[in-house]
Amino acid sequence: MKTVFLFIELLFFSSRAFALDGGGFPPASLNVYEHRNPAPVFTKSNNLKENSDHLAIGSTGRPNPKNLESQEYESWWRKIKTDPNATFAGIVAIFTFGLVCVGYLQFTQMKKTLEATLETARATLETADATRISGEATKLLAEATLNMESPIIIVQKAKMTKSGRETEEIFTSDLDNSPFIRIPVKNVGRTPAYLNNIFILLRVLKELPDPPDYFPVKFKVPNGMVLEPGCSNEIQQKYCHLESSTRLVLEGKMSLWASGYIAYKDFIGREHKTGFCFRWYPPEPNRMDGRWEYEGPDSYLYMT
């Protein structure tokens with residue numbers, strides 16, 4: 001603001017210079033004190049009104065500076081009204097002053113508008129962050145709710161039977177007669193599980209490869225069998241191996257593994273999978289039957 005006032009003062013003095021005689025300032029050699037008026041002569045009939053022109057002169061005979069400034073101001077104003085150059089200079093000064101005022105007002109308004117825009121942008125960002133956080137919380141809550149309502153298929157302990165029929169459950173440990181390896185599964189979730197496909201593989205190995213080496217061949221559940229909440233079913237595979245492999249398993253030099261997975265969908269079409277792995281231990285000297293243990297690499301044991 002101080003700069004604006006300095007600029008206005010400069011314009012004022014410039015227009016004043018144009019208003020003087022000759023279009024400039026008085027010559028430096030001119031001394032107003034060299035033109036003294038004659039001293040007043042006072043007589044007995046001296047009248048104060050007749051000598052009013054000399055009241056501005058001091059006792060030293062020099063003119064009063066205030067009177068000179070008043071005369072210069074009247075001369076400047078008379079020049080503006082009569083001299084075209086002075087008039088034009090005055091108009092230019094007034095127009096320039098108006099431009100300065102308008103520019104200052106525009107700058108002030110622009111500054112206020114910018115501050116308001118920045119404040120709105122900050123508020124928008126804060127609202128967006130709050131909305132994003134709220135949206136993430138809502139998403140987590142929805143996922144948690146869906147997970148609670150989703151079907152969950154678990155596998156129960158495997159068994160070895162002589163027959164693959166559910167009505168006949170005669171346990172055996174005789175690998176020479178090609179028994180069936182049966183694995184019960186149960187839906188412990190709150191909603192039905194729509195079975196998609198099942199994969200089960202019997203292998204005679206010392207240790208299983210990690211990660212799982214699932215063959216591309218898998219059993220497709222016909223018509224998308226549904227396993228209702230709380231219901232159970234069984235998957236099975238017949239043991240068919242060479243006699244030499246069977247001898248190694250019975251001697252404890254190799255192990256019989258039953259591994260695979262059950263793939264199913266929930267009520268909104270999301271896919272799930274339960275992986276399993278069992279290891280069979282042959283009968284011990286003091287036991288007649290072998291046993292299955294739920295064990296194997298972690299990559300075989302999972303639920304998604």
# chains A, B, ... in the order shown; residues from 1 in each chain; ligands from 1
$ select_by_dssp --residues "segment 150-248 of chain A" --states "strand (DSSP E)" --output "MDAnalysis selection string"
chainID A and resid 153:155 159:161 180:187 193:205 219:220 226:227 232:238
$ residues_around --residues "segment 219-234 of chain A" --least-positions-apart "5" --cutoff "7 Å" --atoms "only C-alpha atoms" --output "JSON, numbers by chain"
{"A": [182, 183, 184, 185, 186, 187, 188, 189, 190, 191, 192, 193, 194, 195, 196, 197, 198, 199]}
$ residues_around --residues "Leu208 of chain A" --least-positions-apart "2" --cutoff "8 Å" --atoms "only C-alpha atoms" --output "ChimeraX atom specification"
/A:205-206,210,212,257,296-297
$ write_last_selection --atoms "N, CA and C atoms" --output "short mmCIF file (atom, residue, chain, number, x, y, z; two decimals), in the first residue's frame"
data_model
loop_
_atom_site.label_atom_id
_atom_site.label_comp_id
_atom_site.auth_asym_id
_atom_site.auth_seq_id
_atom_site.Cartn_x
_atom_site.Cartn_y
_atom_site.Cartn_z
N LEU A 205 5.97 -92.54 -1.55
CA LEU A 205 7.20 -91.75 -1.59
C LEU A 205 7.79 -91.66 -0.19
N LYS A 206 9.06 -91.34 -0.15
CA LYS A 206 9.68 -91.10 1.15
C LYS A 206 9.19 -89.78 1.72
N ASP A 210 7.49 -80.36 -2.57
CA ASP A 210 6.93 -79.09 -2.09
C ASP A 210 7.33 -78.00 -3.09
N PRO A 212 2.93 -78.60 -3.84
CA PRO A 212 2.19 -79.77 -4.33
C PRO A 212 2.24 -79.88 -5.85
N TRP A 257 1.04 -91.80 0.93
CA TRP A 257 0.47 -90.47 1.13
C TRP A 257 -0.87 -90.37 0.39
N GLY A 296 2.01 -83.44 6.75
CA GLY A 296 2.61 -83.17 5.45
C GLY A 296 3.10 -81.73 5.39
N PRO A 297 3.71 -81.32 4.29
CA PRO A 297 4.17 -79.94 4.15
C PRO A 297 3.01 -78.95 4.30
#
$ residues_around --residues "Ser244 of chain A" --least-positions-apart "4" --cutoff "12 Å" --atoms "only C-alpha atoms" --output "PyMOL selection string"
chain A and resi 175-176+204+240+248-251+253-254
$ write_last_selection --atoms "N, CA and C atoms" --output "PDB file, in the first residue's frame"
ATOM      1  N   LEU A 175      -2.813-104.049   2.278  1.00  0.00           N
ATOM      2  CA  LEU A 175      -2.603-103.335   1.017  1.00  0.00           C
ATOM      3  C   LEU A 175      -2.611-104.279  -0.177  1.00  0.00           C
ATOM      4  N   ASP A 176      -2.393-105.549   0.048  1.00  0.00           N
ATOM      5  CA  ASP A 176      -2.344-106.496  -1.075  1.00  0.00           C
ATOM      6  C   ASP A 176      -3.709-106.680  -1.723  1.00  0.00           C
ATOM      7  N   VAL A 204       3.304 -93.346  -3.253  1.00  0.00           N
ATOM      8  CA  VAL A 204       4.267 -94.035  -2.395  1.00  0.00           C
ATOM      9  C   VAL A 204       5.607 -93.335  -2.563  1.00  0.00           C
ATOM     10  N   CYS A 240      -3.947 -98.806  -5.739  1.00  0.00           N
ATOM     11  CA  CYS A 240      -3.468 -99.707  -6.792  1.00  0.00           C
ATOM     12  C   CYS A 240      -1.995 -99.422  -7.036  1.00  0.00           C
ATOM     13  N   LEU A 248       7.786-101.982   0.354  1.00  0.00           N
ATOM     14  CA  LEU A 248       8.565-100.887   0.929  1.00  0.00           C
ATOM     15  C   LEU A 248       7.750-100.109   1.961  1.00  0.00           C
ATOM     16  N   VAL A 249       6.438 -99.935   1.709  1.00  0.00           N
ATOM     17  CA  VAL A 249       5.577 -99.223   2.659  1.00  0.00           C
ATOM     18  C   VAL A 249       5.438-100.044   3.942  1.00  0.00           C
ATOM     19  N   LEU A 250       5.213-101.339   3.813  1.00  0.00           N
ATOM     20  CA  LEU A 250       5.031-102.181   4.987  1.00  0.00           C
ATOM     21  C   LEU A 250       6.317-102.301   5.805  1.00  0.00           C
ATOM     22  N   GLU A 251       7.453-102.221   5.149  1.00  0.00           N
ATOM     23  CA  GLU A 251       8.735-102.299   5.855  1.00  0.00           C
ATOM     24  C   GLU A 251       9.150-100.958   6.450  1.00  0.00           C
ATOM     25  N   LYS A 253      10.152 -98.325   4.786  1.00  0.00           N
ATOM     26  CA  LYS A 253      11.191 -97.649   3.997  1.00  0.00           C
ATOM     27  C   LYS A 253      10.589 -96.546   3.117  1.00  0.00           C
ATOM     28  N   MET A 254       9.323 -96.644   2.818  1.00  0.00           N
ATOM     29  CA  MET A 254       8.600 -95.622   2.058  1.00  0.00           C
ATOM     30  C   MET A 254       7.296 -95.332   2.790  1.00  0.00           C
TER      31      MET A 254
END
$ atom_distance --atom1 "atom CA of Asp266 of chain A" --atom2 "atom CA of Met148 of chain A"
11.6 Å
$ atom_distance --atom1 "atom CA of Gln156 of chain A" --atom2 "atom CA of Gly260 of chain A"
13.4 Å
$ residues_around --residues "Met288 of chain A" --least-positions-apart "2" --cutoff "12 Å" --atoms "only C-alpha atoms" --output "list in words"
Phe171, Thr172, Ser173, Asp174, Tyr281, Pro282, Pro283, Glu284, Pro285, Asn286, Gly290 and Arg291 of chain A
$ closest_residue --among "A:Trp280, A:Tyr261, A:Phe267, A:Phe107" --to "Arg203 of chain A" --atoms "only C-alpha atoms"
A:Trp280
